[in-house]
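Enquirer: Sharing a structure, written as structure tokens. Questions coming.
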Amino acid sequence: MSHDVRQRPEGSRHSRRSGTRAVAFLTAGALAVPLLAGCGSDEETSSPLAGQDIAPVARDLVADGGSLTWAVDALPETLNTYQADADAGTSRVAQAVLPSMFRLDAGGRPVANPAYLESAKVIETEPRQVVLYKLNQQAVWSDGREIGAADFLAQWRALSGKNSAYWTARNAGYDRIEKIERGDNDLQVRVTFSRPYADWKSLFSPLYPKDVTGSPETFNDGARRRLKTTAGPFKVERVDTAKKDVVLTRNARWWGRPAKLEEIVLHAVSPDKRAAALADGQADLAEIDASDAQRIGLAHRAKGTGTPLQGGGRTSARKLRDWALAHGLDAGRAHQDGEKLTGAITRYLNEQQALRDVEVRKSLEPVYTQLALNGSAGPLTDERVRRAIARALDRTELTRLVLTPLGLPAVPVGSHLALSGQAAYADGSGALGAQDAQEAQALLTEAGWVRGGPLKEEKKNQKAAGPEKSDEDESDGGDDGEYVVGEDDKGHGDTDGKGRPQESADDQESAGRHLAQEGKHGGAPGAYAPKGTAAPAAAPAGPLAKDGKPLALRFVLPSGPGSDTLNSVAERISAMLEQVGIRTTITKVSDESYFKDHIAAGDYDLALYSWPSSAFPATDARPVYAKPLPAADGSLNVEQNYTRVGTDQVDQLFDEAATTLDEDEARGLIRKADSRIWAAAGSIPLYQRPQLVGVRKNLVNAGAFGFQTPVYEDMGFLKKGAKISASPTKG
């Protein structure tokens with residue numbers, strides 16, 4: 001599924017507001033991320049490319065009671081979202097059981113949460129910025145105590161960074177607070193800042209009770225496996241490590257609209273077992289990948305179709321295998337002996353029958369996938385080479401490759417710092433320029449990379465740098481999980497006049513089908529040369545060279561389940577780079593080592609991973625694009641800037657945006673910063689990631705949430721006899 005700084009990579013889903021920004025790596029991910037608000041009247045506002053898809057119905061059509069089982073990647077290591085090992089499961093729990101002063105609407109903008117706030121606004125700017133929170137007078141903790149200034153004060157002291165005994169993953173914003181006081185009454189909280197802070201709406205969401213944040217001991221250990229005191233529509237009933245469940249039940253002291261569901265069970269289900277869990281009732285809601293979405297679609301279209309088991313008699317093993325492979329069974333099961341294969345097909349057919357009670361709800365995640373270029377060593381230290389790579393890419397083609405087969409809008413992402421629908425969004429890619437192979441080649445020539453120069457002899461099948469690989473790291477492309485794109489090119493195939501492969505409608509349909517198929521590794525037909533696949537015509541006669549070395553880059557990818565889409569995108573990128581004389585060696589490594597040993601360690605030239613967008617880019621995105629600086633011990637402090645490309649000007653723009661209280665001015669500074677990031681070409685945004693959710697058909701007000709924070713008290717199962725109308729917000 002997905003790897004997604006508190007901060008981490010796309011293969012496991014990690015939420016993001018805990019510390020720094022959460023990286024999202026492989027193919028999917030479920031992050032609830034805050035987004036930027038405010039927009040000037042003189043500029044056109046963008047809209048989300050896809051709305052949420054949650055089967056919305058009025059509360060009076062939702063049955064009272066019932067248990068919802070929600071699949072998550074793993075049991076949360078902690079229930080404290082401000083710790084480094086918090087993940088998406090941690091965030092799900094916090095959203096359901098704790099106060100958040102602000103939550104996101106369907107357009108991705110933070111809005112005051114009326115369950116906890118009557119209002120929150122800046123009431124003074126001189127000599128200090130002061131924010132006054134007026135709390136809902138009904139808001140109480142589950143022990144009956146009012147939510148108030150003491151809770152705000154304790155959380156500030158825990159997260160300010162002044163006391164190293166607190167094991168916190170973030171202090172951004174809290175480190176700018178000078179003091180917190182009670183206002184005119186117990187329902188008012190005055191927060192005074194020592195320095196202006198534009199992203200003040202990011203604070204106290206979630207808010208923990210003072211019995212968690214009041215001491216290092218309770219903060220560090222007390223909220224890892226239990227939350228005794230909560231203040232949401234649900235409470236934490238128990239964490240069952242044996243069953244891999246977090247059980248949430250109705251909070252009797254909740255003052256808002258009562259929760260429709262009796263309980264929500266967050267149940268750990270590995271991504272490759274989601275379809276089976278939906279079929280056998282172990283899950284009612286689960287994020288899935290494209291292959292599972294296709295499988296659910298096939299279940300709805302398969303009524304009355306024949307199988308090789310119908311009609312009696314003995315069916316040949318070959319026919320069984322052919323049918324199994326054609327219908328999505330993995331290759332391992334499809335090549336079992338006849339008796340075992342018959343059993344596997346029978347189980348598959350039973351699961352398909354059960355999947356007719358499940359549907360796929362889809363949107364786009366508030367997460368985008370990028371091509372990262374490591375600017376710390378080798379040819380990519382030269383900005384001209386990085387810019388050439390960016391100019392060689394057809395980002396629209398790459399976006400269509402991923403999203404068009406899923407029926408989602410295929411529009412390339414135009415910003416590093418916001419997504420369409422957010423107030424800060426503007427397409428800044430013009431700072432770099434559109435796809436242009438000739439311009440890419442001119443930049444490479446200017447950088448000294450020319451054709452026909454002498455080359456030093458290279459060893460083939462060389463071991464990739466990094467940790468020694470296990471058998472799991474091996475791919476179909478080579479003995480060491482590595483293959484050179486274009487090594488055996490013959491130059492066959494048609495082009496579109498710009499050196500790009502010309503695809504027929506059949507080719508495009510085949511590529512779309514491939515993205516939705518199961519298998520260890522994916523690839524778009526015609527996109528790469530190994531296994532005898534012909535390369536596009538007009539491929540260069542040889543690679544570019546400089547100082548006796550070819551322009552060859554190592555493209556590192558994850559190899560685990562769910563990495564098919566990234567592999568297909570990488571192969572298409574490699575084919576585009578081959579057209580301008582850049583050779584790539586694709587190296588596949590285990591999911592476990594992908595981020596830690598390669599991305600974070602800087603052991604790659606090219607890589608694909610994802611970042612969640614933020615409502616507060618001046619705070620959350622700064623460490624991702626900050627200029628790396630030498631640390632006291634002589635090492636390089638890159639924060640979360642894993643491309644190692646940064647400039648003083650970008651840092652200054654982030655700092656100015658973070659201290660500018662005028663929203664229009666702050667948004668303009670963010671857009672300027674994005675233009676400078678584009679120009680430096682350390683990372684190239686590609687596409688917004690698809691959000692595919694398998695959901696029991698009668699489950700309403702839940703599914704693919706898009707930008708919006710889920711409203712947990714409205715989720716539930718449709719009353720008998722009630723019908724779901726077409727969703728007006730479905731994109």
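Note on naming: chains are A, B, ... as they come in the structure tokens, residues start from 1 per chain, ligands start from 1 in the order shown.
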For Arg387 (chain A), work out the shell of residues within 6 Å, counting only C-alpha atoms and skipping chain neighbours fewer than 3 positions away, then give it as a ChimeraX atom specification.
Expert: /A:384,390,681
Enquirer: Which region 658-704 of chain A residues have any atom within 12 Å of an atom of region 559-581 of chain A, and for each, what is the nearest pair of atoms with distance in Å to one decimal, counting only C-alpha atoms, rows sorted by chain and number, as a Markdown table?
Expert:
| residue | atom | partner | partner_atom | distance |
| --- | --- | --- | --- | --- |
| A:Ile684 | CA | A:Ile573 | CA | 11.7 |
| A:Leu686 | CA | A:Val569 | CA | 9.8 |
| A:Tyr687 | CA | A:Val569 | CA | 10.6 |
| A:Arg689 | CA | A:Thr565 | CA | 10.4 |
| A:Pro690 | CA | A:Thr565 | CA | 10.8 |
Enquirer: For CA of Ala223 (chain A) and CA of Tyr208 (chain A), determine how far apart the two atoms are, in Å to one decimal place.
Expert: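 Distance between the two atoms: 9.6 Å.
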Enquirer: Hey, which of A:Phe595, A:Arg451, A:Asp284, A:Tyr604 ends up closest to Pro550 (chain A)? Count only C-alpha atoms.
Expert: A:Arg451
Enquirer: Write out as a ChimeraX atom specification the set of residues from region 142-173 of chain A that DSSP, computed on the backbone, places in helix (DSSP H, G or I).
Expert: /A:149-159
Enquirer: Selected residues, N, CA, C and O atoms, written as a CSV table (one decimal), in the first residue's frame, please.
Expert:
chain,number,residue,atom,x,y,z
A,149,ALA,N,-7.8,26.6,30.6
A,149,ALA,CA,-6.5,27.1,30.4
A,149,ALA,C,-5.4,26.2,31.0
A,149,ALA,O,-4.3,26.1,30.4
A,150,ALA,N,-5.7,25.4,32.0
A,150,ALA,CA,-4.7,24.5,32.6
A,150,ALA,C,-4.2,23.5,31.6
A,150,ALA,O,-3.0,23.1,31.6
A,151,ASP,N,-5.1,23.0,30.7
A,151,ASP,CA,-4.7,22.0,29.7
A,151,ASP,C,-3.9,22.7,28.6
A,151,ASP,O,-2.9,22.1,28.1
A,152,PHE,N,-4.2,23.9,28.2
A,152,PHE,CA,-3.4,24.6,27.2
A,152,PHE,C,-2.0,24.9,27.8
A,152,PHE,O,-1.0,24.7,27.1
A,153,LEU,N,-2.0,25.3,29.0
A,153,LEU,CA,-0.7,25.6,29.7
A,153,LEU,C,0.2,24.4,29.7
A,153,LEU,O,1.4,24.4,29.4
A,154,ALA,N,-0.4,23.3,30.2
A,154,ALA,CA,0.5,22.0,30.3
A,154,ALA,C,1.0,21.6,29.0
A,154,ALA,O,2.1,21.1,28.8
A,155,GLN,N,0.1,21.7,27.9
A,155,GLN,CA,0.6,21.2,26.6
A,155,GLN,C,1.7,22.1,26.1
A,155,GLN,O,2.6,21.6,25.5
A,156,TRP,N,1.5,23.4,26.3
A,156,TRP,CA,2.6,24.3,25.8
A,156,TRP,C,3.9,24.0,26.5
A,156,TRP,O,5.0,23.9,25.9
A,157,ARG,N,3.9,23.8,27.8
A,157,ARG,CA,5.1,23.5,28.5
A,157,ARG,C,5.8,22.2,28.1
A,157,ARG,O,7.0,22.0,28.0
A,158,ALA,N,4.9,21.2,27.7
A,158,ALA,CA,5.4,19.9,27.2
A,158,ALA,C,6.1,20.0,25.9
A,158,ALA,O,7.1,19.4,25.6
A,159,LEU,N,5.5,20.9,25.0
A,159,LEU,CA,5.9,20.9,23.6
A,159,LEU,C,6.8,22.1,23.2
A,159,LEU,O,7.2,22.2,22.1
Enquirer: Smallest atom-to-atom distance to Ala657 (chain A): which of A:His416, A:Arg676, A:Arg103, A:Arg622, using only C-alpha atoms?
Expert: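 That would be A:Arg622, the residue with the smallest distance to Ala657 (chain A).
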Enquirer: Select, from A:Val97, A:Val402, A:Ala277, A:Val130, the residue with the minimum atom-to-atom distance to Lys228 (chain A), counting only C-alpha atoms.
Expert: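 So, comparing all the options, the nearest one is A:Val97.
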Enquirer: At a cut-off of 10 Å, using only C-alpha atoms, what residues contact region 378-380 of chain A? Leave out same-chain residues fewer than 3 positions from it and give the result as a PyMOL selection string.
Expert: chain A and resi 373-375+383-387+389+447+449+546+550-553+605-606+643+645+681-682
Enquirer: Please write the residues from the selection above to a file, keeping C-alpha atoms, as a PDB file, in the first residue's frame.
Expert:
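Result went into part28.pdb, see below:
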ATOM      1  CA  LEU A 373      16.899  14.211  -7.159  1.00  0.00           C
ATOM      2  CA  ASN A 374      19.774  13.815  -4.706  1.00  0.00           C
ATOM      3  CA  GLY A 375      21.846  16.957  -5.146  1.00  0.00           C
ATOM      4  CA  GLU A 383      21.625  22.415 -11.123  1.00  0.00           C
ATOM      5  CA  ARG A 384      21.708  22.289 -14.933  1.00  0.00           C
ATOM      6  CA  VAL A 385      21.561  18.504 -14.896  1.00  0.00           C
ATOM      7  CA  ARG A 386      18.673  18.537 -12.424  1.00  0.00           C
ATOM      8  CA  ARG A 387      16.818  21.053 -14.564  1.00  0.00           C
ATOM      9  CA  ILE A 389      15.879  15.946 -15.984  1.00  0.00           C
ATOM     10  CA  ALA A 447      26.940  21.264 -18.232  1.00  0.00           C
ATOM     11  CA  TRP A 449      27.809  16.184 -21.003  1.00  0.00           C
ATOM     12  CA  LYS A 546      31.920  13.667 -19.298  1.00  0.00           C
ATOM     13  CA  PRO A 550      28.650   8.140 -18.722  1.00  0.00           C
ATOM     14  CA  LEU A 551      25.703  10.100 -17.412  1.00  0.00           C
ATOM     15  CA  ALA A 552      24.217   7.192 -15.475  1.00  0.00           C
ATOM     16  CA  LEU A 553      21.988   7.530 -12.432  1.00  0.00           C
ATOM     17  CA  ASP A 605      20.347   9.473  -7.281  1.00  0.00           C
ATOM     18  CA  LEU A 606      16.648   9.326  -8.163  1.00  0.00           C
ATOM     19  CA  THR A 643      17.286  15.847  -1.709  1.00  0.00           C
ATOM     20  CA  VAL A 645      18.999  20.914  -2.308  1.00  0.00           C
ATOM     21  CA  ALA A 681      14.912  21.342  -9.296  1.00  0.00           C
ATOM     22  CA  GLY A 682      15.656  19.193  -6.260  1.00  0.00           C
TER      23      GLY A 682
END
Enquirer: What is the CA of Phe616 (chain A)-CA of Phe219 (chain A) distance in Å, reported with one decimal?
Expert: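 Calculated distance between CA of Phe616 (chain A) and CA of Phe219 (chain A) is 25.1 Å.
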Enquirer: What does the structure give for the distance between CA of Ala286 (chain A) and CA of Gly694 (chain A), in Å to one decimal?
Expert: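 Going from CA of Ala286 (chain A) over to CA of Gly694 (chain A) covers 5.3 Å.
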Enquirer: Set the distance at 12 Å and use only C-alpha atoms: which residues neighbour Ser635 (chain A) once local chain neighbours fewer than 6 positions away are removed? I'd like the list as a ChimeraX atom specification.
Expert: /A:601,628-629
Enquirer: Keeping N, CA and C atoms for every residue in the selection just given, could you write it to a file as a PDB file, in the first residue's frame?
Expert:
ATOM      1  N   ALA A 601      19.454   8.432   4.199  1.00  0.00           N
ATOM      2  CA  ALA A 601      20.919   8.355   4.201  1.00  0.00           C
ATOM      3  C   ALA A 601      21.546   8.999   2.969  1.00  0.00           C
ATOM      4  N   PRO A 628      20.522  22.562   3.743  1.00  0.00           N
ATOM      5  CA  PRO A 628      21.317  21.777   4.703  1.00  0.00           C
ATOM      6  C   PRO A 628      22.499  22.578   5.215  1.00  0.00           C
ATOM      7  N   LEU A 629      22.762  22.429   6.510  1.00  0.00           N
ATOM      8  CA  LEU A 629      23.847  23.180   7.144  1.00  0.00           C
ATOM      9  C   LEU A 629      24.764  22.231   7.914  1.00  0.00           C
TER      10      LEU A 629
END
Enquirer: Apply DSSP to the backbone of this structure and, from region 178-386 of chain A, keep only the residues in strand (DSSP E); write these as a PDB file with C-alpha atoms, in the first residue's frame.
Expert:
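Dumped to selection-v3.pdb:
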ATOM      1  CA  GLU A 178       5.499  33.558  25.711  1.00  0.00           C
ATOM      2  CA  LYS A 179       2.686  32.816  28.152  1.00  0.00           C
ATOM      3  CA  ILE A 180      -0.774  31.309  28.526  1.00  0.00           C
ATOM      4  CA  GLU A 181      -3.349  32.790  30.895  1.00  0.00           C
ATOM      5  CA  ARG A 182      -6.952  32.427  31.914  1.00  0.00           C
ATOM      6  CA  GLN A 188     -11.400  31.969  27.944  1.00  0.00           C
ATOM      7  CA  VAL A 189      -7.743  31.234  27.219  1.00  0.00           C
ATOM      8  CA  ARG A 190      -5.265  34.000  26.277  1.00  0.00           C
ATOM      9  CA  VAL A 191      -2.159  32.873  24.385  1.00  0.00           C
ATOM     10  CA  THR A 192       0.589  35.498  24.027  1.00  0.00           C
ATOM     11  CA  PHE A 193       3.396  34.916  21.525  1.00  0.00           C
ATOM     12  CA  PHE A 234     -15.701   8.233  21.499  1.00  0.00           C
ATOM     13  CA  LYS A 235     -13.342   7.084  24.228  1.00  0.00           C
ATOM     14  CA  VAL A 236     -10.562   4.490  24.205  1.00  0.00           C
ATOM     15  CA  GLU A 237     -12.050   1.321  25.674  1.00  0.00           C
ATOM     16  CA  ARG A 238      -8.970  -0.855  25.286  1.00  0.00           C
ATOM     17  CA  VAL A 239      -5.895  -1.625  23.212  1.00  0.00           C
ATOM     18  CA  ASP A 240      -5.822  -5.372  22.514  1.00  0.00           C
ATOM     19  CA  ASP A 245      -7.341  -3.992  17.922  1.00  0.00           C
ATOM     20  CA  VAL A 246      -7.935  -0.526  19.306  1.00  0.00           C
ATOM     21  CA  VAL A 247     -11.533  -0.459  20.518  1.00  0.00           C
ATOM     22  CA  LEU A 248     -13.306   2.896  20.754  1.00  0.00           C
ATOM     23  CA  THR A 249     -16.742   3.131  22.396  1.00  0.00           C
ATOM     24  CA  ARG A 250     -19.255   5.930  22.870  1.00  0.00           C
ATOM     25  CA  GLU A 263     -18.055   1.199  18.743  1.00  0.00           C
ATOM     26  CA  ILE A 264     -15.254   1.620  16.218  1.00  0.00           C
ATOM     27  CA  VAL A 265     -12.586  -1.069  16.083  1.00  0.00           C
ATOM     28  CA  LEU A 266      -9.294  -0.144  14.440  1.00  0.00           C
ATOM     29  CA  HIS A 267      -8.003  -3.546  13.351  1.00  0.00           C
ATOM     30  CA  ALA A 268      -4.524  -4.175  11.935  1.00  0.00           C
ATOM     31  CA  LEU A 285     -13.733  -0.136   5.712  1.00  0.00           C
ATOM     32  CA  ALA A 286     -10.200  -0.460   4.355  1.00  0.00           C
ATOM     33  CA  GLU A 287      -7.860   1.520   2.167  1.00  0.00           C
ATOM     34  CA  VAL A 358     -18.519  -4.068  -0.889  1.00  0.00           C
ATOM     35  CA  GLU A 359     -17.978  -1.024  -3.076  1.00  0.00           C
ATOM     36  CA  VAL A 360     -15.010   1.192  -3.886  1.00  0.00           C
ATOM     37  CA  ARG A 361     -15.185   4.843  -2.892  1.00  0.00           C
ATOM     38  CA  LYS A 362     -12.470   6.976  -4.386  1.00  0.00           C
ATOM     39  CA  SER A 363     -10.970  10.414  -4.224  1.00  0.00           C
ATOM     40  CA  LEU A 364      -7.482  11.926  -4.170  1.00  0.00           C
ATOM     41  CA  GLU A 365      -5.400  11.901  -1.013  1.00  0.00           C
ATOM     42  CA  PRO A 366      -4.025  15.205   0.300  1.00  0.00           C
ATOM     43  CA  VAL A 367      -0.652  13.701  -0.608  1.00  0.00           C
ATOM     44  CA  TYR A 368       1.481  14.038  -3.732  1.00  0.00           C
ATOM     45  CA  THR A 369       4.173  11.842  -5.241  1.00  0.00           C
ATOM     46  CA  GLN A 370       7.403  13.463  -6.392  1.00  0.00           C
ATOM     47  CA  LEU A 371      10.595  12.551  -8.190  1.00  0.00           C
ATOM     48  CA  ALA A 372      13.456  13.317  -5.790  1.00  0.00           C
ATOM     49  CA  LEU A 373      16.899  14.211  -7.159  1.00  0.00           C
TER      50      LEU A 373
END
Enquirer: Please list as a list of chain:residue names every residue within 6 Å of Lys260 (chain A), counting only C-alpha atoms and excluding residues in the same chain fewer than 2 positions away.
Expert: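 Here the answer would be A:Asp64, A:Gly65, A:Glu713, A:Gly716.
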Enquirer: Kindly indicate which residue among A:Asp186, A:Asp211, A:Asp674, A:Asp199 lies nearest to Thr659 (chain A), using only C-alpha atoms for the distances.
Expert: A:Asp199
Enquirer: So which residues touch Tyr174 (chain A) within 6 Å, counting only C-alpha atoms, skipping near sequence neighbours fewer than 3 positions away, as a list in words?
Expert: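 Result of the neighbour search: Trp156, Ser160, Asn171 and Ile177 of chain A.
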